[in-house]
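Asker: Next up, input.tsv (TSV, C-alpha atoms).
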```
chain	number	residue	atom	x	y	z
A	1	MET	CA	50.80	87.57	-11.45
A	2	MET	CA	48.55	90.46	-10.42
A	3	ARG	CA	45.87	88.88	-8.28
A	4	ARG	CA	42.29	90.11	-8.20
A	5	VAL	CA	40.82	91.06	-4.83
A	6	GLY	CA	37.25	90.07	-4.03
A	7	THR	CA	35.23	88.84	-1.08
A	8	ASP	CA	33.49	85.81	0.33
A	9	THR	CA	29.77	86.55	0.40
A	10	SER	CA	28.81	84.38	3.37
A	11	LYS	CA	29.95	87.19	5.68
A	12	PHE	CA	29.17	90.12	3.40
A	13	PRO	CA	26.77	92.47	5.25
A	14	GLY	CA	23.25	92.24	3.89
A	15	ALA	CA	23.95	89.47	1.38
A	16	ALA	CA	21.02	87.34	2.50
A	17	ASP	CA	18.58	90.17	1.78
A	18	LEU	CA	20.30	91.46	-1.35
A	19	GLY	CA	20.25	88.15	-3.21
A	20	ALA	CA	23.03	87.01	-5.50
A	21	ILE	CA	22.80	89.77	-8.12
A	22	GLY	CA	22.26	92.51	-5.54
A	23	THR	CA	25.29	91.24	-3.64
A	24	LEU	CA	27.38	91.30	-6.82
A	25	GLU	CA	26.32	94.88	-7.47
A	26	GLN	CA	27.28	95.95	-3.96
A	27	ILE	CA	30.63	94.18	-4.25
A	28	ALA	CA	31.36	95.95	-7.51
A	29	ALA	CA	30.27	99.29	-6.02
A	30	LEU	CA	32.95	98.86	-3.35
A	31	GLY	CA	35.57	98.47	-6.08
A	32	LEU	CA	36.12	94.77	-5.43
A	33	GLU	CA	36.82	92.38	-8.27
A	34	GLY	CA	35.07	89.15	-7.45
A	35	ALA	CA	32.70	87.09	-5.33
A	36	PHE	CA	33.12	83.75	-3.58
A	37	PHE	CA	29.69	82.26	-2.78
A	38	ARG	CA	30.00	79.51	-0.17
A	39	SER	CA	26.84	77.78	-1.39
A	40	ALA	CA	25.53	77.18	-4.89
A	41	PHE	CA	22.03	77.59	-3.46
A	42	ALA	CA	22.81	81.27	-2.89
A	43	LEU	CA	22.85	81.66	-6.68
A	44	SER	CA	19.68	79.66	-7.23
A	45	PRO	CA	17.82	77.66	-4.54
A	46	THR	CA	16.81	75.12	-7.18
A	47	LEU	CA	19.97	75.30	-9.32
A	48	ASP	CA	17.77	76.56	-12.14
A	49	ALA	CA	19.87	77.00	-15.29
A	50	GLY	CA	18.15	80.26	-16.19
A	51	GLU	CA	18.71	81.77	-12.76
A	52	LEU	CA	22.33	80.64	-12.74
A	53	SER	CA	22.85	82.20	-16.15
A	54	GLU	CA	21.45	85.50	-14.89
A	55	VAL	CA	23.94	85.51	-12.02
A	56	THR	CA	26.94	84.59	-14.17
A	57	ASP	CA	25.96	87.18	-16.77
A	58	ALA	CA	25.66	89.82	-14.04
A	59	ALA	CA	29.10	88.93	-12.71
A	60	ALA	CA	30.59	89.14	-16.20
A	61	ASP	CA	28.92	92.49	-16.88
A	62	LEU	CA	30.33	93.83	-13.62
A	63	GLY	CA	33.80	92.44	-14.37
A	64	LEU	CA	33.76	90.13	-11.35
A	65	TYR	CA	35.23	86.66	-10.94
A	66	LEU	CA	32.82	84.08	-9.55
A	67	GLU	CA	33.74	81.14	-7.34
A	68	VAL	CA	31.20	78.89	-5.63
A	69	GLY	CA	31.05	76.23	-2.94
A	70	VAL	CA	29.74	72.70	-3.29
A	71	ALA	CA	29.58	70.79	0.01
A	72	LYS	CA	31.69	69.13	2.71
A	73	VAL	CA	33.54	65.96	1.71
A	74	ASN	CA	34.09	64.31	5.08
A	75	PRO	CA	31.28	61.72	5.34
A	76	PHE	CA	31.33	62.02	9.14
A	77	ALA	CA	30.32	65.70	8.76
A	78	THR	CA	27.76	65.35	5.98
A	79	PRO	CA	24.76	64.80	8.32
A	80	GLU	CA	25.11	68.51	9.11
A	81	ALA	CA	24.24	69.33	5.48
A	82	PRO	CA	20.88	67.60	4.92
A	83	GLU	CA	20.11	69.89	1.96
A	84	ILE	CA	22.79	68.10	-0.10
A	85	ARG	CA	21.31	64.69	0.61
A	86	ARG	CA	17.82	66.00	-0.21
A	87	LEU	CA	19.12	67.28	-3.53
A	88	GLY	CA	20.40	63.79	-4.28
A	89	GLU	CA	17.12	62.18	-3.21
A	90	GLY	CA	18.93	60.48	-0.35
A	91	ASP	CA	22.25	60.06	-2.17
A	92	TYR	CA	24.78	62.62	-0.86
A	93	LEU	CA	27.26	62.07	-3.68
A	94	LEU	CA	24.49	62.46	-6.25
A	95	GLY	CA	23.62	65.77	-4.60
A	96	MET	CA	27.23	66.90	-4.97
A	97	GLU	CA	27.26	65.72	-8.58
A	98	ARG	CA	24.17	67.78	-9.39
A	99	ILE	CA	25.78	70.89	-7.92
A	100	ILE	CA	29.05	70.33	-9.77
A	101	ARG	CA	27.28	69.77	-13.08
A	102	ALA	CA	25.07	72.83	-12.57
A	103	MET	CA	28.06	75.04	-11.73
A	104	THR	CA	30.26	73.87	-14.56
A	105	ALA	CA	27.39	74.17	-17.05
A	106	ALA	CA	27.18	77.81	-15.92
A	107	GLY	CA	30.93	78.25	-16.52
A	108	ILE	CA	32.01	78.14	-12.87
A	109	THR	CA	34.87	75.69	-12.41
A	110	GLU	CA	36.68	76.73	-9.20
A	111	LEU	CA	34.59	75.06	-6.52
A	112	TRP	CA	35.03	75.14	-2.74
A	113	SER	CA	34.83	72.30	-0.28
A	114	ALA	CA	35.93	71.59	3.28
A	115	THR	CA	36.19	68.63	5.61
A	116	ALA	CA	34.25	69.46	8.78
A	117	ASN	CA	32.89	72.17	11.07
A	118	TYR	CA	33.68	74.21	14.15
A	119	GLN	CA	30.94	74.13	16.77
A	120	PHE	CA	30.83	77.64	18.20
A	121	ARG	CA	27.96	76.65	20.50
A	122	ILE	CA	30.40	74.34	22.32
A	123	ARG	CA	33.35	75.47	24.45
A	124	GLY	CA	36.39	73.28	24.75
A	125	LEU	CA	38.53	70.91	22.74
A	126	TYR	CA	35.56	69.00	21.33
A	127	ALA	CA	34.23	72.06	19.50
A	128	CYS	CA	36.60	70.95	16.75
A	129	ASP	CA	35.75	67.77	14.83
A	130	ARG	CA	39.44	66.90	14.78
A	131	PHE	CA	39.13	65.76	18.40
A	132	ARG	CA	35.98	63.65	18.12
A	133	THR	CA	36.14	60.50	20.23
A	134	ASP	CA	33.54	58.48	18.31
A	135	VAL	CA	35.71	58.49	15.17
A	136	ASP	CA	39.44	59.22	15.06
A	137	TRP	CA	40.64	62.07	12.89
A	138	ALA	CA	42.82	59.64	10.91
A	139	ASP	CA	39.71	57.64	10.07
A	140	GLN	CA	37.89	60.82	9.02
A	141	LEU	CA	40.76	61.68	6.67
A	142	ALA	CA	40.76	58.15	5.22
A	143	ALA	CA	37.01	58.31	4.61
A	144	THR	CA	37.40	61.75	3.03
A	145	ALA	CA	40.06	60.40	0.67
A	146	LYS	CA	37.60	57.74	-0.52
A	147	VAL	CA	34.97	60.41	-1.25
A	148	LEU	CA	37.53	62.37	-3.28
A	149	ASP	CA	38.35	59.27	-5.30
A	150	ARG	CA	34.66	58.85	-6.16
A	151	LEU	CA	34.31	62.49	-7.21
A	152	ALA	CA	37.50	62.64	-9.27
A	153	PRO	CA	36.10	61.20	-12.55
A	154	LEU	CA	33.25	63.74	-12.55
A	155	LEU	CA	35.63	66.64	-11.90
A	156	ARG	CA	37.91	65.54	-14.72
A	157	GLU	CA	34.94	65.11	-17.05
A	158	THR	CA	33.62	68.61	-16.31
A	159	GLY	CA	36.97	70.39	-16.12
A	160	ALA	CA	36.36	71.56	-12.56
A	161	HIS	CA	38.59	71.72	-9.51
A	162	LEU	CA	37.22	70.99	-6.06
A	163	ASN	CA	39.35	73.16	-3.79
A	164	ILE	CA	39.59	71.82	-0.24
A	165	GLU	CA	39.91	74.53	2.39
A	166	THR	CA	42.55	74.71	5.07
A	167	HIS	CA	39.59	74.79	7.44
A	168	GLU	CA	39.79	75.07	11.23
A	169	GLU	CA	39.91	71.34	11.84
A	170	ILE	CA	42.50	70.28	9.26
A	171	SER	CA	46.18	71.07	8.93
A	172	SER	CA	47.83	72.32	5.76
A	173	PHE	CA	49.99	69.18	5.78
A	174	GLU	CA	46.87	67.02	5.61
A	175	VAL	CA	45.17	69.06	2.89
A	176	VAL	CA	48.28	68.82	0.73
A	177	ARG	CA	48.38	65.04	1.16
A	178	LEU	CA	44.70	64.72	0.25
A	179	VAL	CA	45.17	66.73	-2.94
A	180	GLU	CA	48.39	65.03	-3.98
A	181	THR	CA	46.82	61.60	-3.49
A	182	ALA	CA	43.50	62.39	-5.18
A	183	GLY	CA	45.12	64.28	-8.06
A	184	PRO	CA	45.85	68.01	-8.56
A	185	ASP	CA	44.23	67.82	-11.99
A	186	ALA	CA	40.86	67.50	-10.24
A	187	PHE	CA	41.47	68.94	-6.78
A	188	GLY	CA	43.07	72.06	-5.40
A	189	ILE	CA	43.29	74.01	-2.16
A	190	THR	CA	41.35	76.95	-0.80
A	191	PHE	CA	44.01	78.58	1.35
A	192	ASP	CA	42.49	80.20	4.42
A	193	THR	CA	45.25	82.38	5.80
A	194	ALA	CA	43.76	82.57	9.31
A	195	ASN	CA	42.74	78.98	9.91
A	196	VAL	CA	46.25	77.51	9.70
A	197	LEU	CA	47.11	79.37	12.90
A	198	VAL	CA	44.37	77.45	14.73
A	199	ARG	CA	46.43	74.35	14.00
A	200	GLY	CA	49.58	76.02	15.37
A	201	GLU	CA	51.14	76.65	11.97
A	202	ASP	CA	53.26	79.55	10.76
A	203	PRO	CA	51.07	81.12	8.02
A	204	VAL	CA	54.07	81.85	5.79
A	205	ALA	CA	55.31	78.27	6.03
A	206	ALA	CA	51.77	77.05	5.37
A	207	ALA	CA	51.59	79.26	2.28
A	208	ARG	CA	54.79	77.65	1.03
A	209	ARG	CA	53.30	74.17	1.50
A	210	VAL	CA	49.97	74.83	-0.18
A	211	ALA	CA	51.04	77.24	-2.94
A	212	PRO	CA	51.48	74.67	-5.74
A	213	TYR	CA	47.85	73.60	-5.31
A	214	THR	CA	46.17	76.85	-4.23
A	215	ARG	CA	43.38	77.80	-6.63
A	216	SER	CA	41.22	79.92	-4.30
A	217	THR	CA	41.55	81.68	-0.96
A	218	HIS	CA	39.89	82.97	2.16
A	219	VAL	CA	41.99	85.94	3.19
A	220	ARG	CA	42.04	87.57	6.63
A	221	ASP	CA	44.58	88.52	9.27
A	222	VAL	CA	44.89	87.20	12.80
A	223	ALA	CA	45.27	88.57	16.31
A	224	LEU	CA	46.83	86.20	18.84
A	225	HIS	CA	46.49	86.61	22.59
A	226	ARG	CA	47.07	84.32	25.55
A	227	THR	CA	43.91	83.31	27.40
A	228	ASP	CA	42.93	80.99	30.23
A	229	GLU	CA	42.50	78.26	27.59
A	230	GLY	CA	45.90	78.67	25.92
A	231	ILE	CA	46.28	81.01	22.94
A	232	GLY	CA	43.24	82.65	21.39
A	233	ARG	CA	43.10	83.18	17.65
A	234	PHE	CA	40.91	86.11	16.59
A	235	LEU	CA	40.19	87.45	13.12
A	236	ALA	CA	41.52	90.87	12.11
A	237	PRO	CA	41.48	92.97	8.94
A	238	VAL	CA	44.47	92.43	6.67
A	239	GLY	CA	47.41	94.48	7.93
A	240	ARG	CA	46.18	94.73	11.52
A	241	GLY	CA	47.24	91.32	12.72
A	242	VAL	CA	50.36	89.20	12.87
A	243	ILE	CA	50.69	87.91	9.29
A	244	ASP	CA	53.64	89.06	7.19
A	245	TRP	CA	51.75	89.73	3.97
A	246	GLU	CA	54.77	90.46	1.82
A	247	ALA	CA	56.28	87.12	2.77
A	248	LEU	CA	52.99	85.20	2.44
A	249	LEU	CA	52.15	86.64	-0.99
A	250	GLY	CA	55.71	85.96	-2.06
A	251	GLU	CA	55.38	82.29	-1.18
A	252	LEU	CA	52.13	82.04	-3.15
A	253	ASP	CA	53.83	83.61	-6.17
A	254	ARG	CA	56.94	81.45	-5.95
A	255	GLY	CA	54.86	78.30	-5.53
A	256	GLY	CA	52.73	78.99	-8.60
A	257	ALA	CA	49.40	79.61	-6.86
A	258	THR	CA	46.73	80.66	-9.36
A	259	ALA	CA	44.23	82.00	-6.83
A	260	ASN	CA	42.26	85.20	-6.57
A	261	LEU	CA	42.28	86.80	-3.12
A	262	SER	CA	38.81	86.54	-1.57
A	263	ILE	CA	38.47	88.36	1.75
A	264	GLU	CA	36.42	86.46	4.30
A	265	GLY	CA	34.99	88.91	6.78
A	266	VAL	CA	33.29	88.61	10.15
A	267	ILE	CA	29.71	88.44	11.38
A	268	GLY	CA	28.89	89.44	14.92
A	269	MET	CA	32.25	88.46	16.43
A	270	ASN	CA	35.96	88.04	15.73
A	271	ALA	CA	35.62	84.24	15.84
A	272	GLU	CA	37.83	83.32	18.79
A	273	MET	CA	39.25	79.82	18.44
A	274	PRO	CA	41.55	78.53	21.18
A	275	LEU	CA	44.82	76.70	20.71
A	276	TYR	CA	44.75	74.41	23.76
A	277	VAL	CA	48.51	74.39	24.10
A	278	GLU	CA	48.44	73.33	27.77
A	279	ASP	CA	46.46	70.19	26.92
A	280	PRO	CA	48.52	67.12	25.87
A	281	ARG	CA	45.58	65.94	23.76
A	282	TRP	CA	45.98	69.03	21.58
A	283	TRP	CA	49.64	68.25	20.96
A	284	ALA	CA	48.94	64.57	20.32
A	285	GLY	CA	46.45	65.65	17.67
A	286	HIS	CA	49.14	67.46	15.62
A	287	PRO	CA	51.70	64.86	14.56
A	288	ASP	CA	53.03	67.01	11.69
A	289	LEU	CA	53.59	70.16	13.74
A	290	THR	CA	57.23	70.88	14.56
A	291	ALA	CA	58.58	72.75	17.57
A	292	ASP	CA	60.33	75.23	15.27
A	293	GLU	CA	57.12	76.10	13.46
A	294	PHE	CA	55.10	76.45	16.64
A	295	ALA	CA	57.82	78.71	18.02
A	296	VAL	CA	56.88	81.17	15.27
A	297	VAL	CA	53.30	81.22	16.58
A	298	GLU	CA	54.58	81.89	20.09
A	299	ARG	CA	56.70	84.79	18.83
A	300	LEU	CA	53.77	86.23	16.89
A	301	THR	CA	51.61	85.97	20.00
A	302	GLY	CA	54.18	87.81	22.09
A	303	ARG	CA	54.52	90.58	19.51
A	304	TYR	CA	50.78	91.07	19.30
A	305	GLU	CA	50.45	91.24	23.07
A	306	GLU	CA	53.18	93.90	23.16
A	307	ARG	CA	51.16	95.97	20.71
A	308	ALA	CA	48.01	95.47	22.78
A	309	ARG	CA	49.80	96.62	25.94
A	310	ALA	CA	51.09	99.67	24.06
A	311	GLY	CA	47.56	100.52	22.94
A	312	THR	CA	48.35	100.13	19.24
A	313	ALA	CA	46.23	96.97	18.82
A	314	PRO	CA	42.98	95.79	20.43
A	315	GLY	CA	43.39	93.93	23.71
A	316	LEU	CA	41.60	90.75	24.75
A	317	ASP	CA	38.40	92.45	25.91
A	318	ARG	CA	38.07	94.38	22.66
A	319	LEU	CA	38.81	91.28	20.58
A	320	ARG	CA	35.98	89.49	22.36
A	321	ALA	CA	33.51	92.36	21.94
A	322	PRO	CA	30.62	92.08	19.42
A	323	VAL	CA	31.23	93.31	15.87
A	324	ASP	CA	28.52	95.52	14.32
A	325	THR	CA	27.56	95.82	10.66
A	326	ASP	CA	29.66	98.92	10.03
A	327	GLU	CA	32.72	97.22	11.48
A	328	ALA	CA	32.03	94.11	9.39
A	329	LEU	CA	31.94	96.16	6.20
A	330	ALA	CA	35.07	98.09	7.22
A	331	PHE	CA	36.81	94.74	7.79
A	332	ILE	CA	36.34	93.97	4.08
A	333	THR	CA	37.20	97.40	2.67
A	334	GLU	CA	40.25	97.88	4.90
A	335	SER	CA	41.48	94.40	4.02
A	336	ALA	CA	41.08	95.12	0.31
A	337	ALA	CA	43.08	98.35	0.58
A	338	ALA	CA	45.84	96.62	2.54
A	339	LEU	CA	45.99	93.69	0.11
A	340	ARG	CA	46.24	95.99	-2.89
A	341	ALA	CA	49.01	97.95	-1.22
A	342	ALA	CA	50.89	94.72	-0.51
A	343	LEU	CA	50.39	93.53	-4.08
A	344	ALA	CA	51.51	96.86	-5.51
A	345	ALA	CA	54.66	96.74	-3.37
A	346	ARG	CA	55.54	93.42	-5.02
A	347	ILE	CA	55.50	94.85	-8.55
A	348	PRO	CA	59.02	95.93	-9.57
A	349	THR	CA	59.26	99.59	-10.50
A	350	SER	CA	60.44	100.02	-14.10
A	351	THR	CA	63.14	102.60	-14.80
A	352	ALA	CA	64.03	104.31	-18.03
A	353	ALA	CA	67.20	103.11	-19.73
```
Starting from the file, give its structure as structure tokens.
Answerer:
Amino acid sequence: MMRRVGTDTSKFPGAADLGAIGTLEQIAALGLEGAFFRSAFALSPTLDAGELSEVTDAAADLGLYLEVGVAKVNPFATPEAPEIRRLGEGDYLLGMERIIRAMTAAGITELWSATANYQFRIRGLYACDRFRTDVDWADQLAATAKVLDRLAPLLRETGAHLNIETHEEISSFEVVRLVETAGPDAFGITFDTANVLVRGEDPVAAARRVAPYTRSTHVRDVALHRTDEGIGRFLAPVGRGVIDWEALLGELDRGGATANLSIEGVIGMNAEMPLYVEDPRWWAGHPDLTADEFAVVERLTGRYEERARAGTAPGLDRLRAPVDTDEALAFITESAAALRAALAARIPTSTAA
């Protein structure tokens, strides 16, 4: 299939000031084909049906796809989203239900969710909710599965899919198990191509695992560099990092993924996230990760560092430098051009008989 290329709006420069329709207009002006709003409140702070209709009509007039986020589904992370509980008058699930019903009534049925957060204000292993000591990660996954079970009837009733992201704290193995258990008729996966590397996974192998359930994406490339903490994962425009895009897109195609390609950009920084590979706690926290798959990450790291030494890729200091607005916009436009080139290369050239 020929996939449409759009962008996540949460890191689209100026989106907060432009508003939903202004953001859509800017996205279309850049030649992109869709918008992925992380929050339904970005379309209408009150989920007003009239306002939502204006946004969906604008997207349709501009020829853009429209995908929208709901809320986190790990109950141990939900205190960090008090707006959802307020919407439900104290009932978090009721708040989610009201968002899902509002979105599907507006014709938006591919809905994002994730399981937890990454605490950038904290340095160290505990910045990732996977390593919390007050509640084990296995218990967080079990509690998340119960939330999915409670949401499933509503999703089936409304014809929506809640697409759980391969977020920084969760492995692709775990997301697949959640979706398979809860039911792919109601749930799917938002495949974030960069986050799987935070969990030590080969992005091509991860694409193979998630492809049958992938209904939306967050697309970006990755730079990998050794640091004092282990291996640093940094975001990079598509084509400038370590990901083999021909192979990754091929796995999505072969696995039957139905997703658009939504570029998730950067704001202010390249989002360094360490792989604490010298810490036994990090390894103990990845029971599904194989030595063979992690060896791919080590090879990718070595290749990137060779490029950095040769001056053909940014080194560690540059990767850690602030990112300005012009660079943030270029991240999106360069990624779109590279994705389209990769997609075009996958289309067989017809020849006259």
Asker: How close does stretch 321-348 of chain A get to stretch 220-239 of chain A? List, as CSV, each residue of stretch 321-348 of chain A within 10 Å, its nearest atom pair and the distance in Å to one decimal, counting only C-alpha atoms.
Answerer:
```
residue,atom,partner,partner_atom,distance
A:Ala328,CA,A:Pro237,CA,9.5
A:Ala330,CA,A:Pro237,CA,8.4
A:Phe331,CA,A:Pro237,CA,5.1
A:Ile332,CA,A:Pro237,CA,7.1
A:Thr333,CA,A:Pro237,CA,8.8
A:Glu334,CA,A:Pro237,CA,6.5
A:Ser335,CA,A:Val238,CA,4.5
A:Ala336,CA,A:Val238,CA,7.7
A:Ala337,CA,A:Val238,CA,8.6
A:Ala338,CA,A:Gly239,CA,6.0
A:Leu339,CA,A:Val238,CA,6.9
A:Ala341,CA,A:Gly239,CA,9.9
A:Ala342,CA,A:Gly239,CA,9.1
```
Asker: Any chance you could tabulate, as CSV, the residues of stretch 92-171 of chain A at most 12 Å from stretch 244-260 of chain A with each one's nearest atom pair and distance in Å to one decimal, using all atoms listed in the file, in chain and rising number order?
Answerer:
```
residue,atom,partner,partner_atom,distance
A:Glu110,CA,A:Ala259,CA,9.5
A:Leu111,CA,A:Ala259,CA,11.9
A:Asn163,CA,A:Ala259,CA,10.5
```
Asker: From the options A:Val297, A:Arg177, A:Ile170, A:Arg121, which residue's atoms come nearest to A:Ala205, counting only C-alpha atoms?
Answerer: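 Going through A:Val297, A:Arg177, A:Ile170, A:Arg121 one by one, the smallest distance to A:Ala205 is for A:Val297.
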Asker: Report as a tab-separated table the residues of stretch 220-314 of chain A within 10 Å of stretch 25-34 of chain A, each with its shortest atom pair and distance in Å (one decimal), using all atoms listed in the file, ordered by chain and increasing residue number.
Answerer:
```
residue	atom	partner	partner_atom	distance
A:Asn260	CA	A:Gly34	CA	8.3
A:Leu261	CA	A:Gly34	CA	8.7
A:Ser262	CA	A:Gly34	CA	7.4
A:Ile263	CA	A:Gly34	CA	9.8
```
Asker: Would you export the selected residues with C-alpha atoms as a PDB file, in the frame of the given file, please?
Answerer:
```pdb
ATOM      1  CA  ASN A 260      42.260  85.200  -6.570  1.00  0.00           C
ATOM      2  CA  LEU A 261      42.280  86.800  -3.120  1.00  0.00           C
ATOM      3  CA  SER A 262      38.810  86.540  -1.570  1.00  0.00           C
ATOM      4  CA  ILE A 263      38.470  88.360   1.750  1.00  0.00           C
TER       5      ILE A 263
END
```
Asker: How would you write as a ChimeraX atom specification the residues that get within 12 Å of (54.9, 81.9, 22.3) in the file's frame, counting all atoms listed in the file?
Answerer: /A:200,202,224-226,230-232,275,277,291-305
Asker: Box for stretch 254-267 of chain A - axis-aligned, 4 Å on each of the six sides, all listed atoms - centre and size in Å to one decimal, as JSON.
Answerer:
```
{"center_x": 43.3, "center_y": 83.6, "center_z": 1.0, "size_x": 35.2, "size_y": 18.6, "size_z": 28.7}
```
Asker: Which of these residues is nearest to A:Gln119, using all atoms listed in the file: A:Phe131, A:Phe187, A:Trp283, A:Tyr92?
Answerer: A:Phe131
Asker: Could you name the residues that touch A:Leu43 at 8 Å or less, counting only C-alpha atoms, but leaving out those on the same chain fewer than 5 positions away, as a ChimeraX atom specification?
Answerer: /A:19-20,37,51-52,55
Asker: Of the candidates A:Arg150, A:His218, A:Arg4, A:Arg307, which shows the shortest atom-to-atom distance to A:Gly265, using only C-alpha atoms?
Answerer: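 Counting only C-alpha atoms, the residue closest to A:Gly265 is A:His218.
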Asker: Closest to A:Leu94 among A:Ala42, A:Ala310, A:Ser216, A:Ala71, using all atoms listed in the file?
Answerer: A:Ala71
Asker: Using the structure just given, write a file holding C-alpha atoms for stretch 229-303 of chain A, as a PDB file, in the first residue's frame.
Answerer:
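File written: out-v8.pdb
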```pdb
ATOM      1  CA  GLU A 229      25.693   6.117  31.344  1.00  0.00           C
ATOM      2  CA  GLY A 230      25.796   3.388  28.690  1.00  0.00           C
ATOM      3  CA  ILE A 231      24.360   4.050  25.227  1.00  0.00           C
ATOM      4  CA  GLY A 232      22.506   7.271  24.505  1.00  0.00           C
ATOM      5  CA  ARG A 233      19.539   7.242  22.161  1.00  0.00           C
ATOM      6  CA  PHE A 234      18.936  10.563  20.402  1.00  0.00           C
ATOM      7  CA  LEU A 235      16.271  11.498  17.866  1.00  0.00           C
ATOM      8  CA  ALA A 236      17.280  12.242  14.276  1.00  0.00           C
ATOM      9  CA  PRO A 237      15.435  13.082  11.059  1.00  0.00           C
ATOM     10  CA  VAL A 238      14.510  10.073   8.951  1.00  0.00           C
ATOM     11  CA  GLY A 239      17.509   9.003   6.881  1.00  0.00           C
ATOM     12  CA  ARG A 240      20.111  10.570   9.164  1.00  0.00           C
ATOM     13  CA  GLY A 241      20.212   7.913  11.831  1.00  0.00           C
ATOM     14  CA  VAL A 242      20.741   4.179  12.115  1.00  0.00           C
ATOM     15  CA  ILE A 243      17.387   2.752  10.980  1.00  0.00           C
ATOM     16  CA  ASP A 244      17.237   0.757   7.744  1.00  0.00           C
ATOM     17  CA  TRP A 245      14.070   2.292   6.341  1.00  0.00           C
ATOM     18  CA  GLU A 246      13.745  -0.008   3.353  1.00  0.00           C
ATOM     19  CA  ALA A 247      13.833  -3.023   5.647  1.00  0.00           C
ATOM     20  CA  LEU A 248      11.525  -1.475   8.265  1.00  0.00           C
ATOM     21  CA  LEU A 249       8.889  -0.383   5.740  1.00  0.00           C
ATOM     22  CA  GLY A 250       9.138  -3.794   4.126  1.00  0.00           C
ATOM     23  CA  GLU A 251       8.317  -5.505   7.415  1.00  0.00           C
ATOM     24  CA  LEU A 252       5.298  -3.243   7.918  1.00  0.00           C
ATOM     25  CA  ASP A 253       4.064  -4.088   4.424  1.00  0.00           C
ATOM     26  CA  ARG A 254       4.624  -7.823   4.783  1.00  0.00           C
ATOM     27  CA  GLY A 255       2.941  -7.869   8.187  1.00  0.00           C
ATOM     28  CA  GLY A 256      -0.188  -6.113   6.939  1.00  0.00           C
ATOM     29  CA  ALA A 257       0.189  -2.844   8.854  1.00  0.00           C
ATOM     30  CA  THR A 258      -2.534  -0.364   7.886  1.00  0.00           C
ATOM     31  CA  ALA A 259      -0.887   2.734   9.344  1.00  0.00           C
ATOM     32  CA  ASN A 260      -0.212   6.185   8.010  1.00  0.00           C
ATOM     33  CA  LEU A 261       3.296   7.491   8.701  1.00  0.00           C
ATOM     34  CA  SER A 262       3.131  10.349  11.208  1.00  0.00           C
ATOM     35  CA  ILE A 263       6.465  12.054  11.816  1.00  0.00           C
ATOM     36  CA  GLU A 264       7.053  12.948  15.452  1.00  0.00           C
ATOM     37  CA  GLY A 265       9.508  15.809  15.614  1.00  0.00           C
ATOM     38  CA  VAL A 266      11.537  17.419  18.373  1.00  0.00           C
ATOM     39  CA  ILE A 267      11.088  20.381  20.692  1.00  0.00           C
ATOM     40  CA  GLY A 268      14.104  22.043  22.225  1.00  0.00           C
ATOM     41  CA  MET A 269      16.304  18.925  22.313  1.00  0.00           C
ATOM     42  CA  ASN A 270      17.017  15.587  20.652  1.00  0.00           C
ATOM     43  CA  ALA A 271      15.505  13.714  23.620  1.00  0.00           C
ATOM     44  CA  GLU A 272      18.476  11.747  24.931  1.00  0.00           C
ATOM     45  CA  MET A 273      17.382   8.558  26.677  1.00  0.00           C
ATOM     46  CA  PRO A 274      20.070   6.277  28.103  1.00  0.00           C
ATOM     47  CA  LEU A 275      20.261   2.520  27.782  1.00  0.00           C
ATOM     48  CA  TYR A 276      21.882   1.642  31.111  1.00  0.00           C
ATOM     49  CA  VAL A 277      23.640  -1.389  29.708  1.00  0.00           C
ATOM     50  CA  GLU A 278      26.263  -1.501  32.480  1.00  0.00           C
ATOM     51  CA  ASP A 279      23.559  -1.776  35.147  1.00  0.00           C
ATOM     52  CA  PRO A 280      22.303  -5.319  35.932  1.00  0.00           C
ATOM     53  CA  ARG A 281      18.931  -3.849  36.905  1.00  0.00           C
ATOM     54  CA  TRP A 282      18.470  -2.680  33.312  1.00  0.00           C
ATOM     55  CA  TRP A 283      19.081  -6.174  31.983  1.00  0.00           C
ATOM     56  CA  ALA A 284      16.848  -7.772  34.610  1.00  0.00           C
ATOM     57  CA  GLY A 285      14.083  -5.453  33.461  1.00  0.00           C
ATOM     58  CA  HIS A 286      14.128  -6.852  29.892  1.00  0.00           C
ATOM     59  CA  PRO A 287      13.245 -10.548  30.112  1.00  0.00           C
ATOM     60  CA  ASP A 288      12.203 -10.746  26.434  1.00  0.00           C
ATOM     61  CA  LEU A 289      15.359  -9.165  25.018  1.00  0.00           C
ATOM     62  CA  THR A 290      17.752 -11.621  23.375  1.00  0.00           C
ATOM     63  CA  ALA A 291      21.515 -11.299  23.068  1.00  0.00           C
ATOM     64  CA  ASP A 292      21.249 -11.585  19.278  1.00  0.00           C
ATOM     65  CA  GLU A 293      18.810  -8.697  19.045  1.00  0.00           C
ATOM     66  CA  PHE A 294      20.801  -6.474  21.364  1.00  0.00           C
ATOM     67  CA  ALA A 295      23.901  -7.237  19.308  1.00  0.00           C
ATOM     68  CA  VAL A 296      22.189  -5.403  16.438  1.00  0.00           C
ATOM     69  CA  VAL A 297      21.895  -2.305  18.641  1.00  0.00           C
ATOM     70  CA  GLU A 298      25.591  -2.546  19.497  1.00  0.00           C
ATOM     71  CA  ARG A 299      26.497  -2.774  15.809  1.00  0.00           C
ATOM     72  CA  LEU A 300      24.276   0.202  14.974  1.00  0.00           C
ATOM     73  CA  THR A 301      25.926   2.179  17.766  1.00  0.00           C
ATOM     74  CA  GLY A 302      29.390   1.386  16.451  1.00  0.00           C
ATOM     75  CA  ARG A 303      28.449   2.376  12.910  1.00  0.00           C
TER      76      ARG A 303
END
```
